[in-house]
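J.: File name run_22.txt; file contents compact mmCIF, C-alpha atoms; full text below.
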```
# COMPACT_ATOMS: atom_id res chain seq x y z
CA MET A 486 200.94 -22.19 -85.29
CA SER A 487 201.82 -18.55 -85.71
CA GLU A 488 200.28 -17.52 -82.32
CA ILE A 489 202.82 -19.62 -80.33
CA PRO A 490 205.47 -17.26 -78.94
CA ARG A 491 208.94 -18.09 -80.18
CA TYR A 492 212.16 -17.06 -78.45
CA ARG A 493 215.77 -16.96 -79.45
CA MET A 494 218.52 -18.75 -77.51
CA THR A 495 221.13 -16.02 -77.23
CA ASN A 496 222.98 -15.11 -74.05
CA ASN A 497 225.99 -16.80 -72.40
CA TYR A 498 223.73 -19.29 -70.66
CA GLY A 499 222.24 -20.51 -73.93
CA HIS A 500 218.85 -18.82 -73.59
CA GLN A 501 217.24 -15.40 -73.51
CA ASP A 502 215.18 -14.49 -70.44
CA ASN A 503 211.51 -14.25 -71.30
CA GLU A 504 209.10 -11.59 -70.06
CA ASN A 505 206.07 -13.80 -70.77
CA GLY A 506 207.12 -16.57 -68.39
CA SER A 507 207.22 -19.28 -71.07
CA TRP A 508 210.82 -20.27 -70.36
CA ILE A 509 211.85 -21.63 -66.99
CA LYS A 510 215.31 -22.55 -65.78
CA TYR A 511 215.90 -26.07 -64.52
CA GLU A 512 216.97 -24.81 -61.08
CA ASP A 513 213.73 -22.83 -60.74
CA HIS A 514 211.69 -25.88 -61.75
CA VAL A 515 213.44 -28.07 -59.14
CA ALA A 516 212.89 -25.42 -56.44
CA ALA A 517 209.21 -25.11 -57.36
CA MET A 518 208.72 -28.90 -57.27
CA GLN A 519 210.41 -29.20 -53.88
CA ALA A 520 208.17 -26.46 -52.50
CA VAL A 521 205.06 -28.34 -53.68
CA LEU A 522 206.09 -31.79 -52.41
CA PRO A 523 205.22 -32.42 -48.75
CA GLN A 524 208.31 -32.93 -46.65
CA PRO A 525 208.17 -36.05 -44.45
CA LYS A 526 207.88 -35.54 -40.71
CA PHE A 527 210.98 -37.71 -40.09
CA LYS A 528 214.01 -38.76 -42.11
CA ASP A 529 216.07 -41.95 -42.18
CA GLY A 530 218.01 -42.39 -38.94
CA ASP A 531 215.71 -40.29 -36.72
CA ARG A 532 214.89 -41.78 -33.33
CA VAL A 533 211.13 -41.88 -32.80
CA THR A 534 208.66 -42.82 -30.09
CA HIS A 535 205.41 -44.67 -30.84
CA TRP A 536 202.27 -43.54 -29.00
CA ASP A 537 202.53 -46.70 -26.85
CA GLY A 538 206.02 -45.66 -25.60
CA SER A 539 208.19 -47.86 -27.83
CA ILE A 540 211.41 -46.27 -29.08
CA GLY A 541 212.97 -47.02 -32.47
CA VAL A 542 214.92 -45.71 -35.44
CA VAL A 543 213.39 -44.78 -38.81
CA LYS A 544 214.90 -47.13 -41.40
CA PHE A 545 212.91 -46.11 -44.49
CA VAL A 546 210.47 -43.34 -45.46
CA ASN A 547 207.56 -44.31 -47.76
CA LEU A 548 206.15 -41.32 -49.70
CA PHE A 549 202.63 -41.77 -51.07
CA GLU A 550 200.23 -39.42 -52.79
CA HIS A 551 197.88 -39.59 -49.78
CA GLY A 552 200.54 -39.38 -47.05
CA THR A 553 203.75 -40.74 -45.62
CA SER A 554 204.53 -43.86 -43.63
CA PHE A 555 207.72 -44.94 -41.90
CA ASP A 556 209.46 -48.29 -41.50
CA VAL A 557 210.91 -48.31 -37.98
CA GLN A 558 213.32 -50.71 -36.29
CA TRP A 559 212.18 -50.92 -32.66
CA HIS A 560 214.69 -51.46 -29.86
CA THR A 561 212.38 -51.55 -26.88
CA PRO A 562 210.61 -54.62 -25.48
CA ILE A 563 207.32 -53.93 -27.27
CA GLU A 564 207.65 -54.87 -30.95
CA ILE A 565 205.20 -53.30 -33.40
CA SER A 566 205.49 -54.71 -36.92
CA GLY A 567 204.78 -53.01 -40.23
CA THR A 568 204.86 -49.41 -41.32
CA HIS A 569 203.48 -46.54 -39.29
CA PRO A 570 201.82 -43.27 -40.24
CA GLY A 571 203.47 -40.13 -38.89
CA LYS A 572 200.48 -39.39 -36.63
CA ASN A 573 201.44 -42.37 -34.39
CA LEU A 574 205.07 -41.26 -34.05
CA THR A 575 206.88 -38.37 -32.38
CA LEU A 576 210.54 -37.40 -32.46
CA TYR A 577 212.37 -38.97 -29.52
CA THR A 578 213.93 -36.50 -27.13
CA PRO A 579 216.14 -38.13 -24.50
CA PRO A 580 215.57 -37.17 -20.87
CA THR A 581 217.96 -34.72 -19.25
CA PRO A 582 220.30 -36.09 -16.57
CA ALA A 583 218.10 -34.47 -13.90
CA GLU A 584 215.05 -36.33 -15.28
CA LEU A 585 216.86 -39.65 -15.75
CA ILE A 586 218.83 -39.96 -12.50
CA PRO A 587 215.81 -40.40 -10.18
CA THR A 588 214.54 -43.27 -12.35
CA LEU A 589 217.80 -45.24 -12.30
CA LYS A 590 218.01 -48.49 -10.39
CA GLU A 591 221.11 -50.01 -8.87
CA HIS A 592 223.14 -52.13 -11.34
CA GLU A 593 221.82 -50.35 -14.47
CA TRP A 594 224.47 -49.27 -16.97
CA VAL A 595 224.87 -45.62 -18.01
CA ARG A 596 227.18 -43.41 -20.06
CA GLY A 597 227.34 -39.68 -20.64
CA THR A 598 229.39 -36.51 -20.99
CA TYR A 599 230.57 -33.77 -18.66
CA LYS A 600 229.35 -30.15 -18.97
CA SER A 601 232.68 -28.54 -18.20
CA THR A 602 234.90 -30.52 -20.59
CA GLY A 603 232.57 -32.39 -22.94
CA ILE A 604 234.56 -35.55 -22.23
CA ALA A 605 232.61 -38.80 -22.46
CA PHE A 606 232.52 -41.39 -19.68
CA GLY A 607 231.14 -44.86 -19.25
CA PRO A 608 229.69 -47.31 -19.56
CA TYR A 609 229.46 -47.55 -15.77
CA THR A 610 227.06 -49.36 -13.52
CA VAL A 611 224.92 -47.41 -11.05
CA TYR A 612 225.55 -48.20 -7.39
CA TYR A 613 225.04 -46.78 -3.90
CA ASN A 614 228.15 -46.33 -1.79
CA GLU A 615 228.42 -47.21 1.91
CA ILE A 616 226.77 -43.95 3.05
CA GLY A 617 223.93 -44.03 0.51
CA ALA A 618 225.08 -41.69 -2.27
CA MET A 619 224.31 -42.78 -5.85
CA PHE A 620 227.32 -43.14 -8.15
CA ALA A 621 228.13 -44.31 -11.66
CA GLY A 622 231.85 -45.00 -11.81
CA ASP A 623 233.44 -41.94 -10.18
CA ASN A 624 230.44 -39.75 -11.01
CA HIS A 625 228.38 -38.56 -8.09
CA LEU A 626 224.72 -38.73 -9.22
CA ILE A 627 222.73 -38.12 -5.99
CA HIS A 628 224.15 -36.70 -2.75
CA TRP A 629 223.52 -39.02 0.21
CA ASN A 630 222.54 -36.31 2.73
CA THR A 631 220.64 -33.71 0.71
CA GLY A 632 219.26 -35.92 -2.08
CA LYS A 633 220.49 -33.25 -4.53
CA ILE A 634 220.95 -34.44 -8.11
CA SER A 635 224.32 -33.70 -9.70
CA ASP A 636 224.42 -30.84 -12.19
CA GLU A 637 227.90 -31.68 -13.54
CA LEU A 638 226.61 -33.87 -16.39
CA ALA A 639 225.69 -32.57 -19.85
CA THR A 640 224.21 -35.90 -20.99
CA LEU A 641 223.38 -39.21 -19.37
CA GLU A 642 221.74 -42.24 -20.97
CA ARG A 643 221.11 -45.88 -20.23
CA CYS A 644 223.27 -48.30 -22.20
CA ASP A 645 224.13 -51.97 -22.49
CA ALA A 646 226.81 -53.55 -20.35
CA PRO A 647 230.19 -53.75 -22.07
CA GLU A 648 231.06 -57.09 -23.63
CA VAL A 649 233.70 -59.07 -21.76
CA GLN A 650 236.13 -60.77 -24.10
```
Mind turning this structure into structure tokens?
T.:
Amino acid sequence: MSEIPRYRMTNNYGHQDNENGSWIKYEDHVAAMQAVLPQPKFKDGDRVTHWDGSIGVVKFVNLFEHGTSFDVQWHTPIEISGTHPGKNLTLYTPPTPAELIPTLKEHEWVRGTYKSTGIAFGPYTVYYNEIGAMFAGDNHLIHWNTGKISDELATLERCDAPEVQ
């Protein structure tokens, strides 16, 4: 029993710092434990894409000794049930307006924001005017003559039609 180092509790914090490393502060212990624990690839609320192209939102993260799995609520036509390992999922990055505009079809609904002001617009339906330019509301998406895609939009995304009450 006599070989066990003993230390006095003295300073304002209720303990004396130890040169031998036998005492550890709670904050240091928590920091050390967090550094050892593997951080999950995604957190609750992240939008993810499955390897098959389905898009969903992480609803719950399951941490296991051998790895992590994620419960995802899918909101694309292909429904995949159960939990998924992180290797089958990637973080969803929405397409830029320049990538999305060429894929839009007439009568799809979109919303977005302007670069210059940050003001949101939509939801609007996509349509072609009488001379062939693509519009969404008052927003010029594709010029009729040059086929040039508008660069005025900061964001653009597909959305559901507004509910009529």
J.: Do you have the CA of Thr631 (chain A)-CA of Val611 (chain A) distance handy?
T.: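 Answer for the CA of Thr631 (chain A) to CA of Val611 (chain A) separation: 18.6 Å.
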J.: Calculated over only C-alpha atoms, which of the candidates A:His625, A:Lys526, A:Gly541, A:Tyr511 has the smallest distance to Thr578 (chain A)?
T.: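 The closest residue to Thr578 (chain A) is A:Gly541.
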J.: Could you please determine the separation between CA of Gly607 (chain A) and CA of Leu585 (chain A) in Å, to one decimal place?
T.: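 Distance reported for this atom pair: 15.6 Å.
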J.: Compare A:Ser635, A:Asn547, A:Thr598, A:Asn630 by their minimum atom-to-atom distance to Ala583 (chain A), counting all atoms listed in the file, and give me the closest one.
T.: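 Of all the options, A:Ser635 lies closest to Ala583 (chain A).
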J.: Which of these, A:Pro525, A:Tyr577, A:Trp559, A:Thr534, has the shortest distance to Val546 (chain A) once you count all atoms listed in the file?
T.: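 When distances to Val546 (chain A) are compared using all atoms listed in the file, the smallest one comes from A:Pro525.
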J.: Enter the distance from CA of Asp645 (chain A) to CA of Gly597 (chain A), in Å, rounded to one decimal.
T.: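 Interatomic distance here is 12.8 Å.
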J.: Do a neighbour search on Ala605 (chain A) at 10 Å with only C-alpha atoms, toss out local chain neighbours closer than 3 positions, and write the hits as a ChimeraX atom specification.
T.: /A:596-600,602,608,638-641
J.: Tell me which of A:Ser554, A:Gln650, A:Thr610, A:Gln524 sits closest to Thr568 (chain A), counting all atoms listed in the file.
T.: A:Ser554
J.: List the residues sitting within 10 Å of (198.1, -42.8, -36.6) in the file's frame, using only C-alpha atoms, as a list in words.
T.: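 Output of the proximity query reads His535, Trp536, Ser554, His569, Pro570, Gly571, Lys572, Asn573 and Leu574 of chain A.
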J.: Quick one: everything within 8 Å of Ile634 (chain A), counting only C-alpha atoms, minus sequence neighbours fewer than 3 positions away in the same chain. Send it as a PyMOL selection string.
T.: chain A and resi 583+586+626-628
J.: In file coordinates, which residues lie within 12 Å of (222.6, -54.8, -14.4) using only C-alpha atoms, given as a ChimeraX atom specification?
T.: /A:589-595,608-612,643-647
J.: Point out the residue among A:Arg532, A:Trp629, A:Phe545, A:Glu512 with the least atom-to-atom distance to Asn614 (chain A), counting only C-alpha atoms.
T.: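 Using only C-alpha atoms, Asn614 (chain A) sits closest to A:Trp629.
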